[in-house]
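Structure data (compact mmCIF, C-alpha atoms and all ligand atoms) from input35.txt:
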# COMPACT_ATOMS: atom_id res chain seq x y z
CA MET N 1 -23.00 -5.44 -16.88
CA TYR N 2 -20.84 -8.56 -16.90
CA GLU N 3 -17.42 -8.04 -15.37
CA ALA N 4 -14.59 -10.49 -15.98
CA GLY N 5 -13.12 -12.08 -12.85
CA PRO N 6 -9.40 -12.36 -12.10
CA ASP N 7 -9.20 -15.91 -13.46
CA GLU N 8 -10.36 -14.79 -16.90
CA LEU N 9 -7.96 -11.84 -16.87
CA TYR N 10 -4.87 -13.66 -15.60
CA ALA N 11 -3.56 -15.06 -18.92
CA GLU N 12 -3.50 -11.58 -20.45
CA HIS N 13 -1.80 -10.22 -17.31
CA LEU N 14 0.90 -12.86 -17.63
CA GLN N 15 1.41 -11.96 -21.30
CA THR N 16 1.96 -8.34 -20.27
CA LEU N 17 4.54 -9.32 -17.65
CA MET N 18 6.31 -11.54 -20.18
CA ARG N 19 6.44 -8.70 -22.72
CA ARG N 20 7.82 -6.30 -20.12
CA ALA N 21 10.40 -8.86 -18.99
CA ASP N 22 11.41 -9.61 -22.61
CA VAL N 23 12.19 -5.94 -23.22
CA ALA N 24 14.07 -5.51 -19.92
CA LEU N 25 16.09 -8.73 -20.27
CA ALA N 26 17.03 -7.94 -23.87
CA ALA N 27 18.09 -4.39 -22.99
CA LEU N 28 20.40 -5.69 -20.26
CA ARG N 29 21.53 -8.77 -22.21
CA PHE N 30 20.13 -11.37 -19.84
CA ASP N 31 18.92 -14.70 -21.23
CA ALA N 32 16.54 -15.67 -18.44
CA LEU N 33 14.91 -14.49 -15.24
CA VAL N 34 14.72 -16.44 -11.96
CA ILE N 35 12.56 -15.06 -9.15
CA HIS N 36 12.68 -16.52 -5.66
CA ALA N 37 9.50 -16.34 -3.56
CA GLY N 38 11.59 -15.68 -0.46
CA CYS N 39 11.85 -17.42 2.89
CA PRO N 40 11.10 -15.95 6.32
CA PRO N 41 14.12 -15.16 8.51
CA THR N 42 14.49 -16.92 11.84
CA LEU N 43 14.20 -15.04 15.12
CA PHE N 44 17.43 -14.33 17.00
CA LEU N 45 18.41 -17.32 19.19
CA ASP N 46 15.18 -19.07 18.33
CA ASP N 47 13.86 -21.75 16.02
CA GLN N 48 10.77 -19.72 15.09
CA ALA N 49 10.47 -17.67 11.90
CA TYR N 50 9.11 -14.17 11.32
CA PRO N 51 5.81 -14.02 9.44
CA TYR N 52 6.42 -14.83 5.79
CA LYS N 53 5.98 -12.01 3.28
CA VAL N 54 6.39 -13.11 -0.31
CA ASN N 55 8.80 -11.36 -2.68
CA PRO N 56 6.54 -8.90 -4.54
CA HIS N 57 8.21 -9.76 -7.86
CA PHE N 58 7.16 -13.37 -7.38
CA LYS N 59 3.52 -12.68 -6.56
CA ALA N 60 3.31 -10.35 -9.57
CA TRP N 61 3.76 -13.40 -11.80
CA VAL N 62 1.78 -15.99 -9.85
CA PRO N 63 -0.75 -15.48 -7.04
CA ILE N 64 1.14 -17.77 -4.64
CA VAL N 65 1.55 -15.77 -1.44
CA ASP N 66 1.91 -18.55 1.10
CA ASN N 67 4.54 -20.98 -0.11
CA PRO N 68 8.09 -19.85 0.69
CA GLN N 69 11.08 -21.33 -1.18
CA SER N 70 9.18 -21.61 -4.48
CA VAL N 71 10.94 -20.28 -7.56
CA LEU N 72 9.76 -18.89 -10.89
CA VAL N 73 11.91 -19.44 -13.97
CA TYR N 74 11.24 -17.47 -17.12
CA THR N 75 13.00 -17.66 -20.47
CA PRO N 76 11.75 -15.34 -23.23
CA GLY N 77 9.68 -17.32 -25.68
CA ALA N 78 8.76 -20.07 -23.20
CA ARG N 79 5.96 -20.51 -20.68
CA PRO N 80 6.90 -19.43 -17.15
CA ARG N 81 7.86 -22.34 -14.94
CA VAL N 82 7.07 -22.51 -11.23
CA LEU N 83 9.18 -24.77 -9.04
CA PHE N 84 6.59 -25.27 -6.34
CA HIS N 85 8.13 -26.02 -2.98
CA GLN N 86 6.73 -29.30 -1.72
CA PRO N 87 9.01 -30.80 0.90
CA SER N 88 8.61 -34.16 2.51
CA ASP N 89 7.80 -32.77 5.95
CA TYR N 90 5.77 -34.34 8.74
CA TRP N 91 6.00 -31.23 10.93
CA HIS N 92 4.11 -29.01 8.49
CA LEU N 93 1.47 -29.52 5.88
CA PRO N 94 3.08 -28.94 2.48
CA ALA N 95 1.08 -26.59 0.28
CA PRO N 96 -1.03 -28.46 -2.29
CA MET N 97 -0.06 -28.02 -5.95
CA PRO N 98 -2.01 -25.11 -7.45
CA ARG N 99 -5.13 -26.34 -9.25
CA GLU N 100 -6.86 -22.98 -9.72
CA PRO N 101 -7.67 -21.83 -13.29
CA TRP N 102 -4.70 -19.41 -13.37
CA SER N 103 -2.26 -22.29 -12.95
CA GLU N 104 -3.08 -23.54 -16.46
CA SER N 105 -1.08 -20.61 -17.86
CA VAL N 106 2.19 -21.70 -16.22
CA ASP N 107 4.08 -24.97 -15.81
CA CYS N 108 4.05 -25.95 -12.14
CA THR N 109 6.53 -28.59 -11.01
CA PRO N 110 6.80 -29.90 -7.46
CA MET N 111 10.17 -29.13 -5.89
CA PRO N 112 10.92 -31.33 -2.87
CA ASP N 113 14.39 -29.93 -2.14
CA PRO N 114 15.26 -26.27 -2.89
CA ALA N 115 18.98 -27.16 -2.73
CA ASN N 116 18.60 -28.83 -6.12
CA ALA N 117 16.68 -25.99 -7.76
CA GLY N 118 19.77 -24.71 -9.58
CA ALA N 119 19.47 -27.47 -12.19
CA ALA N 120 16.42 -25.64 -13.56
CA TRP N 121 18.52 -22.69 -14.75
CA ALA N 122 22.00 -24.20 -15.07
CA LYS N 123 21.81 -24.21 -18.87
CA LEU N 124 19.87 -20.99 -19.47
CA GLY N 125 22.87 -18.73 -20.16
CA ARG N 126 23.15 -15.35 -18.43
CA VAL N 127 20.47 -15.44 -15.75
CA ALA N 128 19.09 -12.49 -13.77
CA PHE N 129 18.08 -13.42 -10.22
CA ILE N 130 15.54 -11.50 -8.15
CA GLY N 131 14.95 -12.36 -4.53
CA PRO N 132 16.06 -11.79 -0.96
CA PRO N 133 19.81 -12.42 -0.61
CA GLY N 134 20.48 -15.72 1.09
CA CYS N 135 17.37 -17.50 -0.19
CA PHE N 136 18.86 -19.03 -3.32
CA PRO N 137 20.75 -22.32 -3.03
CA PRO N 138 24.43 -21.93 -2.02
CA GLY N 139 26.71 -20.75 -4.84
CA CYS N 140 23.80 -19.37 -6.75
CA PRO N 141 23.96 -17.03 -8.50
CA PRO N 142 27.65 -17.79 -9.06
CA ASN N 143 28.58 -14.09 -9.13
CA GLN N 144 26.08 -12.34 -6.88
CA ALA N 145 27.43 -8.87 -7.57
CA LEU N 146 26.63 -9.26 -11.25
CA ALA N 147 23.34 -11.10 -11.36
CA LEU N 148 21.43 -10.79 -8.09
CA ASN N 149 18.84 -8.00 -7.97
CA ASP N 150 20.49 -6.11 -10.84
CA ALA N 151 19.62 -2.47 -10.20
CA ASP N 152 18.97 -1.69 -13.86
CA LEU N 153 16.64 -4.65 -14.22
CA LEU N 154 14.74 -3.78 -11.04
CA ALA N 155 14.42 -0.16 -12.20
CA ARG N 156 12.81 -1.25 -15.47
CA LEU N 157 10.40 -3.68 -13.82
CA HIS N 158 9.52 -1.21 -11.07
CA TYR N 159 8.87 1.58 -13.52
CA ASP N 160 6.61 -0.59 -15.67
CA ARG N 161 4.56 -2.00 -12.85
CA ALA N 162 2.99 1.34 -11.94
CA VAL N 163 0.60 0.69 -14.83
CA LYS N 164 -1.76 -2.05 -13.73
CA THR N 165 -3.18 -4.75 -15.97
CA PRO N 166 -6.95 -5.37 -16.00
CA TYR N 167 -6.25 -8.45 -13.82
CA GLU N 168 -4.44 -6.32 -11.26
CA LEU N 169 -7.23 -3.74 -11.24
CA GLU N 170 -9.75 -6.48 -10.56
CA CYS N 171 -7.59 -7.79 -7.68
CA LEU N 172 -7.40 -4.26 -6.28
CA ARG N 173 -11.18 -3.87 -6.55
CA ARG N 174 -11.61 -7.06 -4.53
CA ALA N 175 -9.05 -5.99 -1.94
CA SER N 176 -11.00 -2.74 -1.54
CA ALA N 177 -14.24 -4.65 -1.11
CA LEU N 178 -12.68 -6.65 1.72
CA GLY N 179 -11.25 -3.54 3.34
CA ALA N 180 -14.62 -1.77 3.23
CA ARG N 181 -16.16 -4.68 5.13
CA GLY N 182 -13.42 -4.47 7.75
CA HIS N 183 -13.93 -0.73 8.13
CA GLN N 184 -17.65 -1.21 8.63
CA ALA N 185 -17.04 -3.78 11.38
CA ALA N 186 -14.43 -1.65 13.16
CA LEU N 187 -16.69 1.40 13.07
CA ALA N 188 -19.50 -0.63 14.60
CA ALA N 189 -17.11 -1.69 17.39
CA PHE N 190 -16.17 1.96 18.00
CA ARG N 191 -19.84 2.93 18.15
CA ARG N 192 -20.44 0.19 20.73
CA GLY N 193 -17.65 1.61 22.87
CA GLU N 194 -15.23 -1.28 22.33
CA SER N 195 -11.46 -0.81 22.57
CA GLU N 196 -8.98 -0.22 19.75
CA TYR N 197 -7.88 -3.83 20.13
CA GLU N 198 -11.44 -5.14 19.84
CA ALA N 199 -12.11 -2.97 16.79
CA HIS N 200 -8.92 -4.41 15.25
CA MET N 201 -9.99 -8.01 15.91
CA ARG N 202 -13.42 -7.36 14.41
CA TYR N 203 -11.74 -5.80 11.40
CA LEU N 204 -9.68 -8.92 10.76
CA SER N 205 -12.65 -11.16 11.27
CA ALA N 206 -14.81 -9.19 8.81
CA CYS N 207 -12.03 -9.45 6.19
CA ALA N 208 -11.43 -13.12 7.08
CA GLN N 209 -7.69 -12.35 7.04
CA ARG N 210 -5.03 -12.97 9.65
CA GLU N 211 -2.97 -10.06 10.92
CA GLU N 212 0.06 -11.30 8.97
CA GLU N 213 -1.99 -11.28 5.77
CA MET N 214 -2.73 -7.57 6.09
CA PRO N 215 -0.70 -5.47 3.64
CA TYR N 216 0.40 -3.25 6.56
CA ASN N 217 -0.26 -2.94 10.27
CA ASN N 218 -3.74 -1.64 11.00
CA ILE N 219 -3.82 1.84 12.49
CA ILE N 220 -6.82 2.05 14.80
CA ALA N 221 -6.49 5.27 16.74
CA TYR N 222 -8.98 6.73 19.18
CA ASN N 223 -8.92 10.38 20.30
CA GLU N 224 -5.40 11.87 20.68
CA HIS N 225 -3.86 8.71 19.20
CA ALA N 226 -5.11 9.90 15.80
CA ALA N 227 -2.40 12.60 15.92
CA VAL N 228 0.25 9.88 15.59
CA LEU N 229 0.60 9.27 11.86
CA HIS N 230 1.59 5.61 12.17
CA TYR N 231 0.08 4.88 15.59
CA GLN N 232 1.08 1.29 16.27
CA HIS N 233 -0.50 0.27 19.58
CA LEU N 234 -3.92 -1.20 20.20
CA ASP N 235 -5.23 -0.25 23.62
CA ARG N 236 -6.98 -3.18 25.24
CA ARG N 237 -9.30 -0.87 27.17
CA PRO N 238 -11.52 1.86 25.70
CA PRO N 239 -10.84 5.42 26.89
CA GLU N 240 -13.21 7.10 29.36
CA VAL N 241 -14.65 9.26 26.59
CA LEU N 242 -14.79 8.32 22.92
CA ARG N 243 -14.35 11.36 20.69
CA SER N 244 -12.89 10.18 17.41
CA LEU N 245 -11.77 7.15 15.45
CA LEU N 246 -9.08 7.26 12.78
CA ILE N 247 -8.76 3.91 11.07
CA ASP N 248 -6.15 3.24 8.39
CA ALA N 249 -6.45 -0.39 7.41
CA GLY N 250 -6.40 -2.41 4.21
CA ALA N 251 -6.69 -5.97 3.03
CA GLN N 252 -5.18 -8.02 0.28
CA TYR N 253 -6.52 -10.02 -2.60
CA ARG N 254 -4.07 -12.35 -4.40
CA GLY N 255 -1.28 -10.24 -2.99
CA TYR N 256 -2.68 -6.85 -4.07
CA ALA N 257 -3.26 -4.27 -1.38
CA ALA N 258 -6.05 -1.94 -0.39
CA ASP N 259 -5.05 1.08 1.70
CA ILE N 260 -8.06 2.83 3.19
CA THR N 261 -8.40 5.50 5.86
CA ARG N 262 -11.57 6.86 7.39
CA THR N 263 -12.16 9.19 10.31
CA HIS N 264 -15.33 9.22 12.37
CA ALA N 265 -16.62 11.57 15.06
CA ALA N 266 -18.38 10.14 18.09
CA SER N 267 -20.79 13.07 18.20
CA PRO N 268 -21.74 16.21 16.22
CA GLY N 269 -19.79 19.45 16.63
CA ARG N 270 -16.81 21.33 15.23
CA PHE N 271 -14.72 18.19 14.75
CA ALA N 272 -17.53 16.32 12.96
CA GLU N 273 -17.99 19.32 10.65
CA LEU N 274 -14.28 19.37 9.91
CA VAL N 275 -14.44 15.68 8.98
CA GLN N 276 -17.23 16.54 6.55
CA ARG N 277 -15.24 19.39 5.04
CA LEU N 278 -12.14 17.27 4.64
CA ASP N 279 -14.21 14.51 3.05
CA ALA N 280 -15.56 16.94 0.44
CA ALA N 281 -12.07 18.34 -0.18
CA GLN N 282 -10.65 14.81 -0.53
CA LEU N 283 -13.27 13.97 -3.16
CA ARG N 284 -12.28 17.04 -5.15
CA LEU N 285 -8.63 15.94 -5.01
CA CYS N 286 -9.63 12.46 -6.22
CA GLY N 287 -11.08 14.20 -9.27
CA GLU N 288 -7.54 15.39 -10.12
CA ILE N 289 -6.32 11.82 -10.69
CA VAL N 290 -6.49 12.03 -14.47
CA SER N 291 -4.12 10.80 -17.13
CA GLY N 292 -1.44 13.38 -17.96
CA CYS N 293 -1.58 15.04 -14.54
CA ASP N 294 1.66 15.51 -12.59
CA TYR N 295 1.02 13.95 -9.17
CA ARG N 296 3.22 16.61 -7.55
CA GLU N 297 0.54 19.10 -8.53
CA VAL N 298 -2.08 17.02 -6.70
CA HIS N 299 0.09 17.22 -3.58
CA LEU N 300 0.43 21.01 -3.80
CA SER N 301 -3.24 21.30 -4.64
CA ALA N 302 -3.99 19.32 -1.46
CA HIS N 303 -2.06 21.90 0.57
CA ARG N 304 -4.10 24.75 -0.93
CA VAL N 305 -7.40 22.89 -0.51
CA LEU N 306 -6.61 21.93 3.10
CA GLY N 307 -5.48 25.48 3.72
CA ASP N 308 -8.96 26.62 2.72
CA VAL N 309 -10.60 23.94 4.87
CA LEU N 310 -8.59 25.06 7.90
CA TYR N 311 -9.41 28.70 7.20
CA GLU N 312 -13.14 28.04 6.82
CA ALA N 313 -13.13 26.00 10.03
CA GLY N 314 -11.53 28.89 11.90
CA VAL N 315 -8.29 27.04 12.69
CA THR N 316 -6.11 29.38 10.63
CA ARG N 317 -6.30 32.98 9.47
CA LEU N 318 -4.85 32.57 5.95
CA VAL N 319 -6.58 31.26 2.82
CA GLY N 320 -5.13 28.17 1.13
CA PRO N 321 -2.41 29.49 -1.21
CA ASP N 322 -1.14 31.95 1.42
CA ALA N 323 -1.17 29.26 4.09
CA LEU N 324 0.93 27.01 1.82
CA GLU N 325 3.38 29.82 1.10
CA GLN N 326 3.78 30.68 4.79
CA GLY N 327 4.34 27.04 5.76
CA VAL N 328 1.13 26.98 7.79
CA THR N 329 -0.51 24.03 6.02
CA GLY N 330 2.53 21.88 6.76
CA VAL N 331 1.88 22.24 10.49
CA PHE N 332 -1.39 20.35 10.08
CA PHE N 333 -0.62 18.24 6.98
CA PRO N 334 2.93 16.94 7.40
CA HIS N 335 2.88 14.00 4.96
CA GLY N 336 2.51 13.35 1.25
CA VAL N 337 -0.94 13.30 -0.34
CA GLY N 338 -0.43 9.69 -1.41
CA HIS N 339 1.61 7.05 -3.18
CA LEU N 340 1.51 4.26 -5.73
CA LEU N 341 -0.45 1.20 -4.67
CA GLY N 342 -0.34 -2.39 -5.85
CA LEU N 343 1.74 -5.39 -4.85
CA GLN N 344 3.08 -3.33 -1.96
CA VAL N 345 1.10 -0.80 -0.01
CA HIS N 346 3.68 1.90 -0.77
CA ASP N 347 4.47 0.52 -4.15
CA VAL N 348 7.90 1.00 -5.70
CA GLY N 349 8.78 3.30 -8.57
CA GLY N 350 6.89 6.35 -7.30
CA VAL N 351 9.66 8.87 -7.92
CA MET N 352 11.05 7.38 -11.12
CA GLY N 353 11.15 9.50 -14.26
CA ASP N 354 11.99 6.71 -16.71
CA VAL N 355 12.91 3.02 -17.02
CA GLN N 356 16.53 3.88 -16.26
CA GLY N 357 15.50 5.01 -12.81
CA ALA N 358 16.15 8.74 -13.08
CA GLU N 359 14.54 10.38 -10.07
CA ARG N 360 11.78 12.94 -10.50
CA ASN N 361 12.34 15.59 -7.90
CA ARG N 362 9.96 16.15 -5.06
CA PRO N 363 8.63 19.70 -4.72
CA GLU N 364 11.00 21.81 -2.63
CA GLY N 365 10.10 21.59 1.03
CA HIS N 366 8.13 18.35 0.58
CA PRO N 367 10.77 15.64 1.08
CA TYR N 368 8.32 12.94 2.23
CA LEU N 369 6.21 12.82 -0.95
CA ARG N 370 6.40 9.23 -2.26
CA MET N 371 5.03 9.85 -5.73
CA THR N 372 6.18 12.43 -8.27
CA ARG N 373 5.23 10.79 -11.57
CA VAL N 374 2.88 11.86 -14.31
CA LEU N 375 -0.33 9.82 -14.21
CA GLU N 376 -1.24 7.50 -17.08
CA PRO N 377 -4.16 5.13 -17.56
CA GLY N 378 -3.90 2.16 -15.20
CA VAL N 379 -1.77 3.89 -12.58
CA VAL N 380 -3.26 3.40 -9.11
CA VAL N 381 -2.54 5.90 -6.35
CA THR N 382 -3.89 6.76 -2.95
CA VAL N 383 -5.34 10.19 -2.21
CA GLU N 384 -5.04 10.77 1.50
CA PRO N 385 -5.08 14.34 2.75
CA GLY N 386 -5.02 14.75 6.52
CA ILE N 387 -5.27 17.37 9.24
CA TYR N 388 -3.69 16.63 12.61
CA TRP N 389 -2.97 18.32 15.90
CA ILE N 390 0.59 17.15 16.51
CA ASP N 391 2.17 18.64 19.64
CA SER N 392 5.73 18.97 18.31
CA LEU N 393 4.67 20.68 15.07
CA LEU N 394 2.24 22.99 16.84
CA LYS N 395 4.94 23.91 19.34
CA SER N 396 7.33 24.88 16.55
CA ALA N 397 4.67 27.01 14.85
CA HIS N 398 3.83 28.65 18.18
CA GLN N 399 7.46 29.67 18.57
CA ASP N 400 8.03 31.13 15.10
CA GLY N 401 6.46 33.55 12.63
CA ARG N 402 3.47 31.32 12.01
CA ARG N 403 2.01 31.95 15.45
CA PRO N 404 -0.34 34.82 14.43
CA HIS N 405 -1.74 32.80 11.50
CA ILE N 406 -3.27 30.17 13.79
CA ASP N 407 -6.23 30.47 16.19
CA TRP N 408 -4.79 28.68 19.21
CA ALA N 409 -8.07 28.50 21.10
CA VAL N 410 -9.60 26.52 18.23
CA VAL N 411 -6.49 24.33 18.11
CA ASP N 412 -6.88 23.57 21.81
CA GLU N 413 -10.52 22.69 21.30
CA LEU N 414 -9.66 20.22 18.52
CA ARG N 415 -6.46 18.75 19.98
CA PRO N 416 -8.26 16.01 21.96
CA TYR N 417 -9.61 14.59 18.69
CA GLY N 418 -6.12 13.87 17.35
CA GLY N 419 -6.60 14.24 13.65
CA ILE N 420 -8.42 13.37 10.47
CA ARG N 421 -7.28 11.45 7.41
CA ILE N 422 -9.43 10.27 4.54
CA GLU N 423 -7.81 7.95 2.03
CA ASP N 424 -9.14 6.42 -1.16
CA ASN N 425 -7.50 4.22 -3.79
CA VAL N 426 -7.95 5.77 -7.21
CA VAL N 427 -7.22 4.51 -10.73
CA ALA N 428 -6.20 7.01 -13.39
CA THR N 429 -7.92 6.24 -16.68
CA ALA N 430 -8.13 7.96 -20.05
CA ALA N 431 -11.39 9.52 -18.81
CA ALA N 432 -12.88 9.93 -15.32
CA PRO N 433 -10.92 8.39 -12.42
CA GLU N 434 -12.16 5.13 -10.91
CA ASN N 435 -12.43 5.38 -7.14
CA LEU N 436 -12.01 1.82 -5.84
CA THR N 437 -12.70 2.79 -2.24
CA ARG N 438 -15.86 4.84 -2.71
CA ASP N 439 -17.19 2.17 -5.08
CA ALA N 440 -16.51 -0.53 -2.48
CA PHE N 441 -18.32 1.35 0.30
CA ALA N 442 -21.22 2.12 -2.05
CA ARG N 443 -21.58 -1.55 -2.98
CA LEU N 444 -21.56 -2.45 0.70
CA ALA N 445 -24.36 0.00 1.38
CA ALA N 446 -26.45 -1.17 -1.61
MN MN N 501 -1.67 5.17 2.26
I need this file expressed as structure tokens, please.
Amino acid sequence: MYEAGPDELYAEHLQTLMRRADVALAALRFDALVIHAGCPPTLFLDDQAYPYKVNPHFKAWVPIVDNPQSVLVYTPGARPRVLFHQPSDYWHLPAPMPREPWSESVDCTPMPDPANAGAAWAKLGRVAFIGPPGCFPPGCPPNQALALNDADLLARLHYDRAVKTPYELECLRRASALGARGHQAALAAFRRGESEYEAHMRYLSACAQREEEMPYNNIIAYNEHAAVLHYQHLDRRPPEVLRSLLIDAGAQYRGYAADITRTHAASPGRFAELVQRLDAAQLRLCGEIVSGCDYREVHLSAHRVLGDVLYEAGVTRLVGPDALEQGVTGVFFPHGVGHLLGLQVHDVGGVMGDVQGAERNRPEGHPYLRMTRVLEPGVVVTVEPGIYWIDSLLKSAHQDGRRPHIDWAVVDELRPYGGIRIEDNVVATAAAPENLTRDAFARLAA
């Protein structure tokens, strides 16, 4: 079957963004929209800058992720205009003007000096500005409190962007394909007995992306490190014994993120079986990503399903629903089942109930859930249940009424493996969900 590439889908994507912006600007009585790409802050007492991360609103409109200081100007009814930063600079190589097919849908103008950019919107009326404070030329916008990052405008744009265009879905598919390659390379490194750091470097190399291009910091956790939800170090030396690998690492394509987690056992046994059980449970949860479904229900469902997994594995003595009710599942699964995914790895708008930004409550006792919306076709979420042996949480459970519900000998046996998380990126459609991650791994294996 022929599948359209991002270049063919871009013009329609842009039309969708323009329509959404038209509605939002009209509702808030703005005449035009100006989005700054951002500029990296300088290090304290230094002349070096932090890695540049583009304003997500900017890369939504144009896939320019590596040219700070550029500006997008949009007036309803007109083609979007990109003021493409192109300084006269013999220290750096200025970015070449975009010549890719997508650039035919916008008007790109070289901008040698950002200080003069204001002329491009001086006569546009009431302008809404979106961008990091301090990046726009001095005195612009004239009244920052009124026009810079207007909360009502951001709410509308954030709410709308949960529904991906076909272009965005194709970018996400390609990001997943890259991530799957990285995962394969890191797993091979683990199997060879290489360190966390080496697995990380092989991951980047397989994706052909620099660390600063990753949508988030790779989590590559061996053994007990897998119990740290956002483990941030990369040991340069492998441990004496390799038991488990938890790898949570993505990739980006045109600024769209993949967010993939896999857990692997070094050898067969109780832990490897638990990985299998969690994998099967995770697949069932992915099946719940259907249009019309309240994502909060997926989260609670995950607690019941994991409760059953823990019970069947002999870790706990209560079946799923009882384990959830008694607060036992939370000892092992202390995070949300997932979040929106797109331009940002934890994409915005996850707990919004409408375009005005009303918050949809998280289930009581689950304050960390990042997504509470009802799914509709085109919404992309992660599904990432996990089971961990976290000392502080286990200690609390050991000291309170949950103690008899847990088999502590089994916990002690599994503790050295750290934990398990399995995370896929899933698109809600009008019919069966599309699993970007499983598809990517399957294509890799084909
Ligand atoms: Mn995630």
(message) So, with only C-alpha atoms as the atoms that count, which of N:Leu394, N:Ala26, N:Ala249, N:Ala358 lies closest to Val328 (chain N)?
(response) N:Leu394
(message) List as a list in words the protein and nucleic acid residues lying within 8 Å of ligand MN 501 (chain N), with only C-alpha atoms and all ligand atoms counted.
(response) Asp248, Asp259, Ile260, Thr261, Gly338, His339, Val345, His346, Thr382, Val383, Glu384 and Glu423 of chain N
Those same residues - C-alpha atoms - I'd like them written as an mmCIF file, keeping the file's coordinate frame.
data_model
loop_
_atom_site.group_PDB
_atom_site.id
_atom_site.type_symbol
_atom_site.label_atom_id
_atom_site.label_comp_id
_atom_site.auth_asym_id
_atom_site.auth_seq_id
_atom_site.Cartn_x
_atom_site.Cartn_y
_atom_site.Cartn_z
ATOM 1 C CA ASP N 248 -6.150 3.240 8.390
ATOM 2 C CA ASP N 259 -5.050 1.080 1.700
ATOM 3 C CA ILE N 260 -8.060 2.830 3.190
ATOM 4 C CA THR N 261 -8.400 5.500 5.860
ATOM 5 C CA GLY N 338 -0.430 9.690 -1.410
ATOM 6 C CA HIS N 339 1.610 7.050 -3.180
ATOM 7 C CA VAL N 345 1.100 -0.800 -0.010
ATOM 8 C CA HIS N 346 3.680 1.900 -0.770
ATOM 9 C CA THR N 382 -3.890 6.760 -2.950
ATOM 10 C CA VAL N 383 -5.340 10.190 -2.210
ATOM 11 C CA GLU N 384 -5.040 10.770 1.500
ATOM 12 C CA GLU N 423 -7.810 7.950 2.030
#
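Distances here use all atoms listed in the file; by that measure, the residue among N:Phe129, N:Phe30, N:Tyr368, N:Tyr52 closest to Val65 (chain N) is N:Tyr52.
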(message) For Tyr159 (chain N), find every residue with an atom within 6 Å (counting only C-alpha atoms), except residues of its own chain fewer than 4 positions away, and show them as a PyMOL selection string.
(response) chain N and resi 155+349+355
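One finds CA of Asn218 (chain N) at 13.7 Å from CA of Thr263 (chain N).
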(message) Between CA of Leu242 (chain N) and CA of His230 (chain N), what distance in Å does the model show, to one decimal?
(response) 19.8 Å
(request) Tell me, as a VMD selection string, which residues lie within 12 Å of Val305 (chain N), counting all atoms listed in the file; anything in the same chain fewer than 3 positions away does not count. (result) chain N and resid 277 to 285 297 to 302 308 to 312 318 to 324 329 333 337 385 to 387
Print the selection's residues with C-alpha atoms to a file, as a compact mmCIF listing (two decimals), keeping the file's coordinate frame.
# COMPACT_ATOMS: atom_id res chain seq x y z
CA ARG N 277 -15.24 19.39 5.04
CA LEU N 278 -12.14 17.27 4.64
CA ASP N 279 -14.21 14.51 3.05
CA ALA N 280 -15.56 16.94 0.44
CA ALA N 281 -12.07 18.34 -0.18
CA GLN N 282 -10.65 14.81 -0.53
CA LEU N 283 -13.27 13.97 -3.16
CA ARG N 284 -12.28 17.04 -5.15
CA LEU N 285 -8.63 15.94 -5.01
CA GLU N 297 0.54 19.10 -8.53
CA VAL N 298 -2.08 17.02 -6.70
CA HIS N 299 0.09 17.22 -3.58
CA LEU N 300 0.43 21.01 -3.80
CA SER N 301 -3.24 21.30 -4.64
CA ALA N 302 -3.99 19.32 -1.46
CA ASP N 308 -8.96 26.62 2.72
CA VAL N 309 -10.60 23.94 4.87
CA LEU N 310 -8.59 25.06 7.90
CA TYR N 311 -9.41 28.70 7.20
CA GLU N 312 -13.14 28.04 6.82
CA LEU N 318 -4.85 32.57 5.95
CA VAL N 319 -6.58 31.26 2.82
CA GLY N 320 -5.13 28.17 1.13
CA PRO N 321 -2.41 29.49 -1.21
CA ASP N 322 -1.14 31.95 1.42
CA ALA N 323 -1.17 29.26 4.09
CA LEU N 324 0.93 27.01 1.82
CA THR N 329 -0.51 24.03 6.02
CA PHE N 333 -0.62 18.24 6.98
CA VAL N 337 -0.94 13.30 -0.34
CA PRO N 385 -5.08 14.34 2.75
CA GLY N 386 -5.02 14.75 6.52
CA ILE N 387 -5.27 17.37 9.24
(message) List the spatial neighbours of Pro142 (chain N) as a PyMOL selection string - criterion: any atom at most 12 Å away, all atoms listed in the file, same-chain residues fewer than 4 positions off excluded.
(response) chain N and resi 118+121-122+126-129+136-138+146-148
(request) List the neighbours of Asp347 (chain N) out to 9 Å using all atoms listed in the file; skip same-chain residues closer than 5 positions along the sequence, and give me the result as a list in words. (result)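 Here the qualifying residues turn out to be His158, Ala162, His339, Leu340, Leu341 and Gly342 of chain N.
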Please, can region 388-392 of chain N be completed to N, CA and C atoms and returned as a tab-separated table (two decimals), in the coordinates of the input?
chain	number	residue	atom	x	y	z
N	388	TYR	N	-4.00	17.19	11.30
N	388	TYR	CA	-3.69	16.63	12.61
N	388	TYR	C	-3.30	17.73	13.57
N	389	TRP	N	-3.45	17.42	14.85
N	389	TRP	CA	-2.97	18.32	15.90
N	389	TRP	C	-1.81	17.60	16.58
N	390	ILE	N	-0.62	17.82	16.05
N	390	ILE	CA	0.59	17.15	16.51
N	390	ILE	C	1.38	18.12	17.38
N	391	ASP	N	1.57	17.72	18.65
N	391	ASP	CA	2.17	18.64	19.64
N	391	ASP	C	3.47	19.26	19.16
N	392	SER	N	4.40	18.43	18.65
N	392	SER	CA	5.73	18.97	18.31
N	392	SER	C	5.64	20.00	17.18
